[in-house]
Structures are given as C-alpha cells and as structure tokens.
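Enquirer: Provided herewith: start10.tsv, TSV, C-alpha atoms.
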chain	number	residue	atom	x	y	z
A	1	MET	CA	82.85	104.67	110.32
A	2	ASP	CA	84.39	107.85	108.99
A	3	ASN	CA	86.82	109.45	111.42
A	4	TRP	CA	87.40	112.47	109.22
A	5	GLN	CA	84.07	114.23	109.54
A	6	PRO	CA	84.19	118.03	109.45
A	7	GLU	CA	82.36	118.28	112.80
A	8	ARG	CA	85.32	116.55	114.45
A	9	PHE	CA	87.66	119.34	113.38
A	10	GLU	CA	87.96	120.93	116.85
A	11	GLU	CA	88.70	117.54	118.39
A	12	PHE	CA	91.38	116.95	115.79
A	13	TYR	CA	92.90	120.30	116.46
A	14	GLU	CA	92.93	120.11	120.28
A	15	LYS	CA	93.45	116.41	120.83
A	16	PHE	CA	95.77	115.46	117.99
A	17	PHE	CA	97.18	118.33	115.96
A	18	THR	CA	98.52	120.42	118.88
A	19	PRO	CA	100.41	117.57	120.61
A	20	VAL	CA	101.75	116.30	117.30
A	21	PHE	CA	102.93	119.77	116.34
A	22	ARG	CA	104.53	120.23	119.78
A	23	TYR	CA	106.37	116.93	119.48
A	24	ILE	CA	107.62	117.77	115.99
A	25	LEU	CA	108.68	121.31	116.92
A	26	LEU	CA	110.68	120.06	119.88
A	27	ARG	CA	112.43	117.58	117.65
A	28	VAL	CA	113.16	119.67	114.54
A	29	LYS	CA	113.45	123.10	116.32
A	30	GLN	CA	112.25	125.14	113.31
A	31	ARG	CA	108.64	126.31	113.50
A	32	ALA	CA	108.04	126.51	109.72
A	33	GLU	CA	109.40	123.00	109.22
A	34	ALA	CA	107.34	121.74	112.14
A	35	GLU	CA	104.14	123.17	110.63
A	36	ASP	CA	104.87	121.54	107.28
A	37	LEU	CA	105.65	118.20	108.88
A	38	ALA	CA	102.55	118.33	111.10
A	39	GLN	CA	100.42	118.87	107.99
A	40	THR	CA	102.23	115.98	106.29
A	41	VAL	CA	101.37	113.74	109.25
A	42	PHE	CA	97.66	114.45	108.93
A	43	MET	CA	97.69	114.03	105.16
A	44	LYS	CA	99.50	110.70	105.51
A	45	ALA	CA	97.05	109.54	108.18
A	46	TYR	CA	94.07	110.49	106.02
A	47	GLN	CA	95.42	108.83	102.88
A	48	ALA	CA	96.66	105.71	104.65
A	49	ASN	CA	93.29	104.93	106.15
A	50	PRO	CA	90.36	107.27	105.66
A	51	SER	CA	88.35	105.28	108.22
A	52	GLY	CA	91.06	105.29	110.87
A	53	PRO	CA	93.56	102.60	111.86
A	54	LYS	CA	91.93	99.26	110.97
A	55	GLY	CA	88.52	100.88	111.12
A	56	GLN	CA	88.93	101.81	114.79
A	57	GLU	CA	88.75	105.18	116.46
A	58	LEU	CA	91.78	107.37	115.86
A	59	THR	CA	94.16	107.68	118.78
A	60	LEU	CA	96.94	110.07	119.65
A	61	ASN	CA	99.35	107.15	119.59
A	62	TYR	CA	98.45	106.51	115.95
A	63	PHE	CA	99.38	110.08	115.03
A	64	PHE	CA	102.57	109.94	117.07
A	65	ILE	CA	103.72	106.85	115.18
A	66	ILE	CA	103.26	108.69	111.89
A	67	ALA	CA	104.83	111.86	113.32
A	68	ARG	CA	107.89	109.97	114.53
A	69	ASN	CA	108.42	108.32	111.13
A	70	THR	CA	107.88	111.65	109.38
A	71	VAL	CA	110.54	113.32	111.53
A	72	ILE	CA	112.99	110.47	110.87
A	73	ASP	CA	112.33	110.77	107.11
A	74	HIS	CA	112.85	114.52	107.36
A	75	TRP	CA	116.25	114.07	109.00
A	76	ARG	CA	117.26	111.47	106.44
A	77	LYS	CA	116.37	113.84	103.60
A	78	LYS	CA	118.26	116.67	105.29
A	79	LYS	CA	121.36	114.52	105.48
A	80	ASP	CA	121.13	113.78	101.76
A	81	VAL	CA	120.82	117.46	100.78
A	82	VAL	CA	123.95	118.80	99.11
A	83	VAL	CA	124.86	122.21	100.46
A	84	ASP	CA	124.85	124.58	97.50
A	85	ASP	CA	125.02	127.77	99.50
A	86	PRO	CA	127.04	127.31	102.72
A	87	GLU	CA	126.14	130.81	103.94
A	88	ALA	CA	122.40	130.14	103.70
A	89	GLU	CA	122.84	126.71	105.26
A	90	PHE	CA	124.71	128.25	108.16
A	91	GLU	CA	121.91	130.76	108.70
A	92	SER	CA	119.31	128.00	108.76
A	93	ILE	CA	121.04	126.13	111.62
A	94	PRO	CA	119.03	126.72	114.79
A	95	ASP	CA	121.10	128.74	117.21
A	96	THR	CA	120.14	127.61	120.68
A	97	GLU	CA	122.56	130.11	122.21
A	98	SER	CA	120.84	133.17	120.75
A	99	PRO	CA	117.77	134.37	122.67
A	100	GLU	CA	117.66	137.43	120.38
A	101	ARG	CA	117.13	135.24	117.35
A	102	ASP	CA	114.52	133.22	119.24
A	103	ALA	CA	112.71	136.44	120.14
A	104	MET	CA	112.88	137.58	116.52
A	105	ARG	CA	111.24	134.31	115.46
A	106	GLY	CA	108.67	134.70	118.19
A	107	GLU	CA	110.01	131.55	119.79
A	108	ALA	CA	111.07	132.53	123.27
A	109	ALA	CA	112.54	129.13	123.99
A	110	GLY	CA	113.27	128.72	127.70
A	111	ALA	CA	116.41	127.42	129.34
A	112	VAL	CA	114.83	124.00	129.86
A	113	ARG	CA	114.03	123.72	126.19
A	114	ARG	CA	117.51	124.74	125.19
A	115	ALA	CA	119.01	122.20	127.58
A	116	LEU	CA	116.64	119.57	126.18
A	117	GLY	CA	118.31	120.04	122.81
A	118	MET	CA	121.61	118.92	124.33
A	119	VAL	CA	120.61	115.50	125.64
A	120	SER	CA	120.82	112.40	123.46
A	121	ALA	CA	118.11	111.87	120.83
A	122	SER	CA	116.56	108.81	122.48
A	123	GLU	CA	116.48	110.44	125.94
A	124	GLN	CA	115.11	113.63	124.44
A	125	GLU	CA	112.32	111.76	122.70
A	126	VAL	CA	111.27	109.98	125.89
A	127	LEU	CA	111.30	113.23	127.91
A	128	ILE	CA	109.24	115.04	125.25
A	129	LEU	CA	106.68	112.27	125.06
A	130	ARG	CA	106.49	111.67	128.82
A	131	PHE	CA	106.55	115.16	130.29
A	132	MET	CA	105.66	117.53	127.44
A	133	ASN	CA	103.06	115.40	125.69
A	134	GLU	CA	102.02	113.56	128.86
A	135	LEU	CA	102.00	110.06	127.41
A	136	SER	CA	102.23	107.14	129.84
A	137	THR	CA	105.34	104.94	130.00
A	138	LYS	CA	103.29	102.10	128.55
A	139	GLU	CA	102.21	104.23	125.58
A	140	ILE	CA	105.77	105.41	124.97
A	141	ALA	CA	107.08	101.84	125.12
A	142	LYS	CA	104.51	100.79	122.53
A	143	LEU	CA	105.28	103.78	120.34
A	144	LEU	CA	109.05	103.32	120.42
A	145	GLY	CA	108.96	99.55	120.33
A	146	LYS	CA	110.86	99.27	123.61
A	147	SER	CA	110.12	97.66	126.97
A	148	GLU	CA	108.67	99.74	129.79
A	149	VAL	CA	111.83	99.14	131.81
A	150	ALA	CA	113.97	100.52	128.99
A	151	VAL	CA	111.74	103.58	128.73
A	152	ARG	CA	111.97	104.20	132.49
A	153	GLN	CA	115.75	103.95	132.31
A	154	LEU	CA	115.88	106.41	129.41
A	155	GLN	CA	113.57	108.73	131.34
A	156	SER	CA	115.76	108.60	134.45
A	157	ARG	CA	119.02	109.09	132.54
A	158	GLY	CA	117.48	111.85	130.46
A	159	LEU	CA	116.37	113.79	133.52
A	160	LYS	CA	119.81	113.46	135.06
A	161	SER	CA	121.47	114.59	131.84
A	162	LEU	CA	119.04	117.50	131.49
A	163	ARG	CA	119.69	118.62	135.05
A	164	GLY	CA	123.41	118.39	134.43
A	165	HIS	CA	123.16	120.67	131.39
A	166	LEU	CA	121.03	123.17	133.30
A	167	HIS	CA	123.51	123.31	136.16
A	168	GLY	CA	126.38	123.48	133.69
A	169	LYS	CA	124.81	126.62	132.26
A	170	ASP	CA	124.33	127.94	135.80
A	171	ILE	CA	120.65	128.56	135.34
B	1	MET	CA	125.72	118.22	143.33
B	2	LYS	CA	124.60	115.04	145.01
B	3	GLN	CA	123.32	112.34	142.66
B	4	ILE	CA	120.74	109.77	143.66
B	5	SER	CA	120.83	106.26	142.24
B	6	ASP	CA	118.94	105.39	139.07
B	7	ASP	CA	116.85	102.84	140.94
B	8	ILE	CA	115.47	105.42	143.40
B	9	LEU	CA	114.71	107.90	140.62
B	10	ILE	CA	113.05	105.26	138.45
B	11	LYS	CA	110.93	104.04	141.36
B	12	ALA	CA	110.02	107.60	142.39
B	13	LEU	CA	108.97	108.49	138.82
B	14	GLU	CA	106.93	105.31	138.60
B	15	LEU	CA	105.09	106.16	141.80
B	16	ARG	CA	104.49	109.70	140.51
B	17	GLU	CA	103.03	108.30	137.31
B	18	GLN	CA	100.72	106.10	139.36
B	19	GLY	CA	99.31	109.25	140.94
B	20	ARG	CA	101.15	109.36	144.25
B	21	SER	CA	101.75	112.85	145.64
B	22	PRO	CA	105.34	114.11	146.11
B	23	GLU	CA	104.94	113.99	149.88
B	24	GLN	CA	103.98	110.31	149.77
B	25	ILE	CA	107.06	109.59	147.64
B	26	PHE	CA	109.37	111.60	149.91
B	27	ALA	CA	108.10	109.47	152.77
B	28	VAL	CA	109.20	106.35	150.87
B	29	PHE	CA	112.67	107.77	150.11
B	30	PRO	CA	113.41	110.23	152.94
B	31	GLU	CA	117.20	110.22	152.26
B	32	ALA	CA	116.62	111.42	148.65
B	33	ARG	CA	114.04	114.09	149.48
B	34	VAL	CA	116.06	117.12	148.28
B	35	GLU	CA	117.18	115.44	145.08
B	36	LEU	CA	113.73	114.15	144.29
B	37	GLN	CA	112.28	117.62	144.90
B	38	ALA	CA	114.69	119.00	142.26
B	39	TYR	CA	113.70	116.32	139.73
B	40	PHE	CA	109.98	116.85	140.30
B	41	LYS	CA	110.51	120.56	139.73
B	42	LEU	CA	112.35	119.78	136.52
B	43	THR	CA	109.46	117.67	135.21
B	44	ALA	CA	107.06	120.47	136.09
B	45	ASP	CA	109.30	122.91	134.16
B	46	LEU	CA	109.16	120.63	131.12
B	47	GLN	CA	105.37	120.57	131.27
B	48	ALA	CA	105.26	124.36	131.63
B	49	GLU	CA	107.62	124.71	128.67
B	50	ALA	CA	105.31	122.60	126.51
B	51	LYS	CA	102.39	124.88	127.38
B	52	LYS	CA	104.40	127.87	126.13
B	53	ILE	CA	104.51	126.46	122.61
B	54	ALA	CA	101.80	128.19	120.65
B	55	PRO	CA	100.03	125.78	118.32
B	56	PRO	CA	99.66	126.75	114.66
B	57	ALA	CA	96.53	128.49	113.47
B	58	ARG	CA	93.52	126.29	112.79
B	59	GLU	CA	93.85	127.16	109.11
B	60	VAL	CA	97.03	125.06	108.94
B	61	LEU	CA	95.11	121.91	109.88
B	62	ARG	CA	92.14	122.92	107.70
B	63	GLY	CA	94.49	123.29	104.72
B	64	ALA	CA	96.07	119.90	105.38
B	65	LEU	CA	92.69	118.15	105.62
B	66	ARG	CA	91.44	119.94	102.50
B	67	ARG	CA	94.51	118.87	100.54
B	68	ALA	CA	94.22	115.30	101.80
B	69	ALA	CA	90.56	115.19	100.77
B	70	ALA	CA	91.38	116.65	97.33
B	71	MET	CA	94.13	114.08	96.80
B	72	ARG	CA	91.75	111.32	97.81
B	73	GLU	CA	89.15	112.56	95.31
B	74	VAL	CA	91.71	112.67	92.53
B	75	SER	CA	93.07	109.22	93.32
B	76	ALA	CA	89.53	107.82	93.40
B	77	LEU	CA	88.88	108.98	89.79
B	78	PRO	CA	89.54	106.59	86.93
B	79	ALA	CA	92.80	107.02	85.08
B	80	ALA	CA	91.19	108.70	82.04
B	81	ALA	CA	89.33	111.22	84.20
B	82	ARG	CA	92.54	112.04	86.07
B	83	PHE	CA	94.25	112.62	82.72
B	84	PHE	CA	91.61	115.10	81.55
B	85	LYS	CA	91.16	116.82	84.92
B	86	GLY	CA	92.34	120.41	84.75
B	87	MET	CA	92.82	120.29	80.97
B	88	PRO	CA	91.30	123.07	78.80
B	89	LEU	CA	88.12	122.19	76.91
B	90	GLY	CA	89.82	122.34	73.51
B	91	MET	CA	92.44	119.84	74.58
B	92	ARG	CA	89.76	117.56	76.03
B	93	ILE	CA	88.12	117.39	72.56
B	94	LEU	CA	91.36	117.28	70.57
B	95	PHE	CA	92.89	114.35	72.45
B	96	PRO	CA	90.07	111.82	71.81
B	97	VAL	CA	89.82	112.88	68.14
B	98	LEU	CA	93.55	112.37	67.65
B	99	ALA	CA	93.38	109.07	69.51
B	100	VAL	CA	90.60	107.79	67.22
B	101	LEU	CA	92.54	108.87	64.11
B	102	VAL	CA	95.68	107.11	65.30
B	103	ILE	CA	93.75	103.93	66.09
B	104	VAL	CA	92.00	103.92	62.68
B	105	THR	CA	95.33	104.50	60.91
B	106	LEU	CA	96.93	101.61	62.74
B	107	VAL	CA	94.04	99.21	62.15
B	108	ASN	CA	93.60	99.80	58.39
B	109	PRO	CA	96.05	102.17	56.71
B	110	SER	CA	94.67	101.54	53.13
B	111	GLU	CA	91.22	102.81	54.16
B	112	VAL	CA	92.60	106.05	55.46
B	113	ALA	CA	94.80	106.83	52.42
B	114	THR	CA	92.38	108.71	50.13
B	115	PRO	CA	93.04	108.07	46.42
B	116	LEU	CA	93.60	111.17	44.31
B	117	PRO	CA	90.87	112.01	41.84
B	118	PRO	CA	91.84	111.16	38.27
B	119	ALA	CA	93.27	114.10	36.40
B	120	PRO	CA	91.77	114.91	33.01
B	121	GLY	CA	93.32	112.75	30.35
B	122	THR	CA	94.43	109.96	32.68
B	123	ASP	CA	92.90	106.56	33.14
B	124	ASP	CA	92.01	104.46	36.17
B	125	GLN	CA	95.18	102.43	35.90
B	126	ALA	CA	97.38	105.47	36.44
B	127	VAL	CA	95.40	106.34	39.56
B	128	SER	CA	95.66	102.80	40.84
B	129	VAL	CA	99.46	103.05	40.63
B	130	LEU	CA	99.37	105.93	43.15
B	131	SER	CA	97.27	104.07	45.68
B	132	ALA	CA	98.73	101.25	47.70
B	133	PRO	CA	97.85	97.81	46.34
B	134	SER	CA	95.53	95.75	48.50
B	135	ALA	CA	95.81	92.05	49.24
B	136	ASN	CA	93.22	91.22	46.56
B	137	ASP	CA	95.21	93.02	43.89
B	138	THR	CA	98.34	91.01	44.47
B	139	ALA	CA	96.48	87.69	44.54
B	140	GLU	CA	94.96	88.30	41.14
B	141	PRO	CA	96.26	85.85	38.53
B	142	PRO	CA	98.21	87.19	35.53
B	143	ALA	CA	95.36	86.29	33.18
B	144	MET	CA	93.17	88.86	34.92
B	145	LEU	CA	95.85	91.46	34.39
B	146	ALA	CA	95.82	90.60	30.75
B	147	LYS	CA	92.12	91.55	30.65
B	148	ALA	CA	92.84	95.09	31.84
B	149	PRO	CA	90.56	97.64	30.24
B	150	THR	CA	91.87	99.33	27.17
B	151	PRO	CA	92.71	103.04	27.45
B	152	THR	CA	89.67	105.27	27.24
B	153	SER	CA	91.56	107.95	25.41
B	154	PRO	CA	93.05	107.04	22.07
B	155	ASP	CA	95.81	109.66	22.53
B	156	GLN	CA	97.15	107.94	25.65
B	157	PRO	CA	98.53	104.52	24.80
B	158	ALA	CA	98.39	101.76	27.35
B	159	PRO	CA	101.60	100.79	29.21
B	160	PRO	CA	103.87	98.71	26.96
B	161	GLU	CA	103.77	95.47	28.92
B	162	THR	CA	100.00	95.57	29.23
B	163	THR	CA	99.70	96.12	25.50
B	164	MET	CA	102.09	93.32	24.74
B	165	MET	CA	100.39	90.94	27.10
B	166	ALA	CA	96.98	91.85	25.79
B	167	ALA	CA	98.16	91.37	22.24
B	168	SER	CA	99.95	88.13	22.87
B	169	SER	CA	97.19	86.56	24.90
B	170	GLU	CA	94.44	87.45	22.51
B	171	PRO	CA	93.63	84.06	21.03
B	172	ALA	CA	91.92	83.65	17.74
B	173	THR	CA	89.57	80.76	18.65
B	174	PRO	CA	87.77	79.77	21.88
B	175	ALA	CA	89.96	76.68	22.16
B	176	ASP	CA	93.09	78.77	21.93
B	177	ARG	CA	91.67	81.22	24.51
B	178	ALA	CA	91.04	78.35	26.94
B	179	ASP	CA	94.59	77.07	26.36
B	180	SER	CA	96.11	80.44	27.02
B	181	ILE	CA	94.12	80.96	30.26
B	182	ALA	CA	95.16	77.52	31.51
B	183	ALA	CA	98.78	78.24	30.64
B	184	ALA	CA	98.58	81.55	32.45
B	185	TYR	CA	97.23	79.90	35.65
B	186	ILE	CA	99.97	77.23	35.52
B	187	ALA	CA	102.66	79.84	35.02
B	188	GLY	CA	101.14	82.13	37.69
B	189	ALA	CA	104.33	82.25	39.68
B	190	GLU	CA	106.51	82.96	36.70
B	191	SER	CA	107.77	86.42	35.95
B	192	GLU	CA	106.35	88.72	33.32
B	193	ASP	CA	109.51	88.41	31.26
B	194	THR	CA	109.04	84.66	31.01
B	195	ALA	CA	105.45	85.08	29.94
B	196	MET	CA	106.43	87.68	27.41
B	197	THR	CA	109.17	85.43	26.03
B	198	GLY	CA	106.64	82.60	25.60
B	199	ALA	CA	104.22	84.89	23.79
B	200	ALA	CA	106.98	86.16	21.51
B	201	ALA	CA	108.03	82.60	20.69
B	202	GLU	CA	104.46	81.73	19.87
B	203	GLU	CA	104.23	84.76	17.60
B	204	SER	CA	107.48	83.88	15.82
B	205	ALA	CA	106.33	80.27	15.37
B	206	ALA	CA	103.15	81.53	13.73
B	207	GLN	CA	105.26	83.75	11.42
B	208	ASP	CA	107.42	80.73	10.53
B	209	ASP	CA	104.33	78.69	9.68
B	210	SER	CA	103.00	81.38	7.37
B	211	GLN	CA	106.41	81.76	5.70
B	212	SER	CA	106.73	77.99	5.12
B	213	ALA	CA	103.22	77.92	3.72
B	214	GLN	CA	104.27	80.74	1.36
B	215	TYR	CA	107.35	78.76	0.28
B	216	VAL	CA	105.24	75.66	-0.29
B	217	ALA	CA	102.75	77.66	-2.37
B	218	GLU	CA	105.42	79.37	-4.55
B	219	PRO	CA	106.59	76.27	-6.53
B	220	THR	CA	103.00	75.41	-7.27
B	221	SER	CA	102.37	78.85	-8.75
B	222	GLN	CA	105.61	78.64	-10.76
Please rewrite the model in this file as structure tokens.
Expert:
Amino acid sequence: MDNWQPERFEEFYEKFFTPVFRYILLRVKQRAEAEDLAQTVFMKAYQANPSGPKGQELTLNYFFIIARNTVIDHWRKKKDVVVDDPEAEFESIPDTESPERDAMRGEAAGAVRRALGMVSASEQEVLILRFMNELSTKEIAKLLGKSEVAVRQLQSRGLKSLRGHLHGKDI
Amino acid sequence: MKQISDDILIKALELREQGRSPEQIFAVFPEARVELQAYFKLTADLQAEAKKIAPPAREVLRGALRRAAAMREVSALPAAARFFKGMPLGMRILFPVLAVLVIVTLVNPSEVATPLPPAPGTDDQAVSVLSAPSANDTAEPPAMLAKAPTPTSPDQPAPPETTMMAASSEPATPADRADSIAAAYIAGAESEDTAMTGAAAEESAAQDDSQSAQYVAEPTSQ
C-alpha cells in the first residue's frame, strides 16, 4: 500500500502538513526555519518508510513524532553553531516584545502566543499539542512518552503559568 | 488573583476533553466557576491563535515531496548508475575506457608495453634489450643463450660476451658438443664469468697440447 500517491496531496496538506507546520512554528518562532523543518519532516517520513509506518496508514501522530525529533535536532545544531557575526546573530533572535517587527514579517503574533513563549518548554509543548493542534491527552502521552497523568499535570501547570504571564503583562 | 487547586483544574479539563459543556462542569465545581471560566477562555484563545497561523503555500509541500521522490529514485539506482548520473556524455565514455586500460595494465604489464620497431642497422637482440624480459626468457638455460643468432649485419659485431660464449662453446665434434651442453645445464646457476673462465681454461689447455705436440715433433725433425 503506497501512502504517498499524488491524489492524496490535498489530504497531506490539510491533515498533516498544516498541523505539523503550526507545531514547528510555535516551537522555533521563525517562519522560514519552520517551513524548512516542515519540509524536512515530510522528506524524512517518505524516505524512512515509503509505504507508511510499518505498512499501516499514516497518522498525524507519526508526523508529530518526526517533527518533534526534527525540532530537537534543530536546537542541538543551533547550540553547536559558533557565532561568527554577533550583530547578525543578534538580529536573528526572535523579538517577542516587538509587534512592529512581527508585523513586518507578516506574523502578527498575539499576546497569547507571546506569553506562550515564556512558559517552560515541556509545558509549552503540551499546550501547543493539546489546544493548538487539538490532540487528545492520550495521544500526547504516547507522543511524549509520558503517562496521561503527567500530561494532565503539565497541561494544568502550563495554563496557570500562561495566565500568570498574561496578567503580568496586564493584557 | 484567586488560584484554584491543580486537582480541580485537572478534573475540569478532563471533563471538557470528554465533551462536557462548561455549564455542566461549573455545576460540578460551583466554587471555582469564575476561575474555570477564565481558563476555558484561555484555551479558546489558544485555539483561535492557532487558526491565525497561515500555513505555507502548497508548493512548499509539493517541493518537499518531489525532492523526497527524487532522492528515493537516486538511492534506488545501482552504485555505477548513481556515479554516472548527471555526468556529461564525454565523461561517461572516458571513464570506462580509462578503467579498462588501468585494469589491463595491472593484469599484464608486458602485453601493454609495445616494443619499439627495430631501427635500420640494428638487430633483434638490441630491441629485446629495450623490452622487459618475460618469465620464459629468464628461465632459458645458458646453452640456449649460446645459440643466439649471429648478427645479420657484418658491420655490427655481436656483443662481446655473446661472441665469446659462442666461440668457446662451439665444439668441434658431436661428442664434444654433447659434453658442452651437459656442462652448461649442470652449471646453469653459475655466473657468466665462471663459464667464461672455464671456456678460457679449455682454450688454453688446447693451446698447451698443440705446443707440446710441436715440441715433441721438433727433435724428430732435427
């Protein structure tokens, strides 16, 4: 069974590519990087198993696992990069406090999104997957390799932290 | 800002995930109604924020799938085909030709080395010196060397050692010829100098015999 038929393109785009891109963008913040990484995810998925995971139908969870690993690899590589030009490096740092820059990039990030960038990485990931990508707690637990109870705790703490940041900013 | 306990929030979120309406959940936790309302609004804001993110153009995904398919095609090709893929036609021809030449050279170098044509006034022996000796040449016994052909041109004398060996090993009778061949086979491992010394001694012994015969004949004539 070939999962990569051209007639399934629209399904790929709506069902898999858009959520994967959304997840990656919320994690890496830069749109250009997110587009590159989303493409990398699909290339990896295709090369790893052209017939889908273990010959089964492709699922969103399968793509999220690859996306999550791709983002982690991306961060690792970024840490290893030696800064040759500090000025350029400074410019490339996403400025969550600058709506003008967001507008210039066509990324009118809202207050909620900016506050989301301030919570811890694990809480942020759970909130993105649960409320922005609408995965169930069970799916998130499977994806992250945690128990459902742990995911619910992260979800609760993340919401509290997010609310605290929003109130702190008086929004 | 009043904070509700983690347990209430976790339970409320669980009920929401199960499909309960906010009103049903507020009825379960009436004391946390205001707080829960704020959290439910926050989750709705997160969902609305996600909808604001414009997905990339379809061409981005098309490009990724095209590249993945191209990479799969390339990786499915045999190693030789991958090597020649994208190479100009001239290079595709040149590489195999060079490869064959290299292989032939490695397998049998003496076959590839073309001997020079003999120049006018030279003999075959001079040409054979230029070409590399083969295994058969080295295994040849010295007696065979002694039978080397005489120079075709009278102006060009044969190499000294060949001349000497030919002269020394030229027996007068068939019996002597057989003796000399046998001696040459026995002394096959010996050097040329040794062979030459033996031939010279033989020659001097013959001279001595003729001289003694002359001395013996002289008193008779006197």
Enquirer: Return the neighbours of chain A among the residues of chain B, cut-off 12 Å, counting all atoms listed in the file, as a PDB file with C-alpha atoms, keeping the file's coordinate frame.
Expert:
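Written out: part-v1.pdb:
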ATOM      1  CA  MET B   1     125.720 118.220 143.330  1.00  0.00           C
ATOM      2  CA  LYS B   2     124.600 115.040 145.010  1.00  0.00           C
ATOM      3  CA  GLN B   3     123.320 112.340 142.660  1.00  0.00           C
ATOM      4  CA  ILE B   4     120.740 109.770 143.660  1.00  0.00           C
ATOM      5  CA  SER B   5     120.830 106.260 142.240  1.00  0.00           C
ATOM      6  CA  ASP B   6     118.940 105.390 139.070  1.00  0.00           C
ATOM      7  CA  ASP B   7     116.850 102.840 140.940  1.00  0.00           C
ATOM      8  CA  ILE B   8     115.470 105.420 143.400  1.00  0.00           C
ATOM      9  CA  LEU B   9     114.710 107.900 140.620  1.00  0.00           C
ATOM     10  CA  ILE B  10     113.050 105.260 138.450  1.00  0.00           C
ATOM     11  CA  LYS B  11     110.930 104.040 141.360  1.00  0.00           C
ATOM     12  CA  ALA B  12     110.020 107.600 142.390  1.00  0.00           C
ATOM     13  CA  LEU B  13     108.970 108.490 138.820  1.00  0.00           C
ATOM     14  CA  GLU B  14     106.930 105.310 138.600  1.00  0.00           C
ATOM     15  CA  LEU B  15     105.090 106.160 141.800  1.00  0.00           C
ATOM     16  CA  ARG B  16     104.490 109.700 140.510  1.00  0.00           C
ATOM     17  CA  GLU B  17     103.030 108.300 137.310  1.00  0.00           C
ATOM     18  CA  GLN B  18     100.720 106.100 139.360  1.00  0.00           C
ATOM     19  CA  GLY B  19      99.310 109.250 140.940  1.00  0.00           C
ATOM     20  CA  GLU B  35     117.180 115.440 145.080  1.00  0.00           C
ATOM     21  CA  LEU B  36     113.730 114.150 144.290  1.00  0.00           C
ATOM     22  CA  ALA B  38     114.690 119.000 142.260  1.00  0.00           C
ATOM     23  CA  TYR B  39     113.700 116.320 139.730  1.00  0.00           C
ATOM     24  CA  PHE B  40     109.980 116.850 140.300  1.00  0.00           C
ATOM     25  CA  LYS B  41     110.510 120.560 139.730  1.00  0.00           C
ATOM     26  CA  LEU B  42     112.350 119.780 136.520  1.00  0.00           C
ATOM     27  CA  THR B  43     109.460 117.670 135.210  1.00  0.00           C
ATOM     28  CA  ALA B  44     107.060 120.470 136.090  1.00  0.00           C
ATOM     29  CA  ASP B  45     109.300 122.910 134.160  1.00  0.00           C
ATOM     30  CA  LEU B  46     109.160 120.630 131.120  1.00  0.00           C
ATOM     31  CA  GLN B  47     105.370 120.570 131.270  1.00  0.00           C
ATOM     32  CA  ALA B  48     105.260 124.360 131.630  1.00  0.00           C
ATOM     33  CA  GLU B  49     107.620 124.710 128.670  1.00  0.00           C
ATOM     34  CA  ALA B  50     105.310 122.600 126.510  1.00  0.00           C
ATOM     35  CA  LYS B  51     102.390 124.880 127.380  1.00  0.00           C
ATOM     36  CA  LYS B  52     104.400 127.870 126.130  1.00  0.00           C
ATOM     37  CA  ILE B  53     104.510 126.460 122.610  1.00  0.00           C
ATOM     38  CA  ALA B  54     101.800 128.190 120.650  1.00  0.00           C
ATOM     39  CA  PRO B  55     100.030 125.780 118.320  1.00  0.00           C
ATOM     40  CA  PRO B  56      99.660 126.750 114.660  1.00  0.00           C
ATOM     41  CA  ALA B  57      96.530 128.490 113.470  1.00  0.00           C
ATOM     42  CA  ARG B  58      93.520 126.290 112.790  1.00  0.00           C
ATOM     43  CA  GLU B  59      93.850 127.160 109.110  1.00  0.00           C
ATOM     44  CA  VAL B  60      97.030 125.060 108.940  1.00  0.00           C
ATOM     45  CA  LEU B  61      95.110 121.910 109.880  1.00  0.00           C
ATOM     46  CA  ARG B  62      92.140 122.920 107.700  1.00  0.00           C
ATOM     47  CA  GLY B  63      94.490 123.290 104.720  1.00  0.00           C
ATOM     48  CA  ALA B  64      96.070 119.900 105.380  1.00  0.00           C
ATOM     49  CA  LEU B  65      92.690 118.150 105.620  1.00  0.00           C
ATOM     50  CA  ARG B  66      91.440 119.940 102.500  1.00  0.00           C
ATOM     51  CA  ARG B  67      94.510 118.870 100.540  1.00  0.00           C
ATOM     52  CA  ALA B  68      94.220 115.300 101.800  1.00  0.00           C
ATOM     53  CA  ALA B  69      90.560 115.190 100.770  1.00  0.00           C
ATOM     54  CA  ALA B  70      91.380 116.650  97.330  1.00  0.00           C
ATOM     55  CA  MET B  71      94.130 114.080  96.800  1.00  0.00           C
ATOM     56  CA  ARG B  72      91.750 111.320  97.810  1.00  0.00           C
ATOM     57  CA  GLU B  73      89.150 112.560  95.310  1.00  0.00           C
ATOM     58  CA  VAL B  74      91.710 112.670  92.530  1.00  0.00           C
ATOM     59  CA  SER B  75      93.070 109.220  93.320  1.00  0.00           C
ATOM     60  CA  ALA B  76      89.530 107.820  93.400  1.00  0.00           C
TER      61      ALA B  76
END
Enquirer: At what distance in Å, to one decimal, does atom CA of Ser161 of chain A lie from atom CA of Gln37 of chain B?
Expert: 16.3 Å
Enquirer: Just give me the gap between atom CA of Glu7 of chain A and atom CA of Leu58 of chain A in Å, one decimal is fine.
Expert: 14.7 Å
Enquirer: Interatomic distance between atom CA of Leu37 of chain A and atom CA of Asn49 of chain A?
Expert: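 Between atom CA of Leu37 of chain A and atom CA of Asn49 of chain A the gap works out to 18.3 Å.
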